[in-house]
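Structure first, then comments.
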Amino acid sequence: MNHRRNESRTPAWVFVSLILAAVIAATGGVAHAYYKNRQVQISREIDAIDRHVEQERLDIRISEMRMDELLNRFVIRKQIESNGSALRPIPIGVVEDIEAAPTANHTVASTTP
């Protein structure tokens with residue numbers, strides 16, 4: 001009511017720029033929250049994959065241990081005896097070393113017609 005008529009008004013572009021700045025700030029805040037949440041999710045996925053890889057390595061080591069246990073000659077000998085097999089150990093003096101036979105020089109392609 002006590003305005004003077006010759007007093008200048010605030011231009012409209014000032015209000016538009018303030019609204020635009022508020023929208024940009026809100027969009028930046030939402031984008032920051034989204035990217036931060038995504039970063040946390042990726043970090044959790046990486047941790048889960050690392051745990052899975054370690055579990056697989058442990059499973060591999062356990063499998064190797066079991067294979068070594070199954071291929072142990074003393075264990076195999078006990079299993080053969082417990083199964084009542086007729087297989088018996090061979091004395092060391094009976095084992096012979098056999099050398100590979102000399103190979104004949106065979107050609108694949110022939111030069112004669």
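Going by the structure tokens order, chains are called A, B, ..., each with residues numbered from 1, while ligands are numbered from 1 in the order shown.
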Just the residues within 12 Å of Ile76 of chain A, please, counting only C-alpha atoms, with nothing from its chain fewer than 5 positions along; format it as a PyMOL selection string. chain A and resi 67-71+81-83+85+87-89
Could you find all residues in chain A that DSSP calls helix (DSSP H, G or I) from the backbone, and write them as a PyMOL selection string? chain A and resi 12-70+73-82+92-94
For atom CA of Phe74 of chain A and atom CA of Ile90 of chain A, quote the distance in Å rounded to one decimal. 14.0 Å
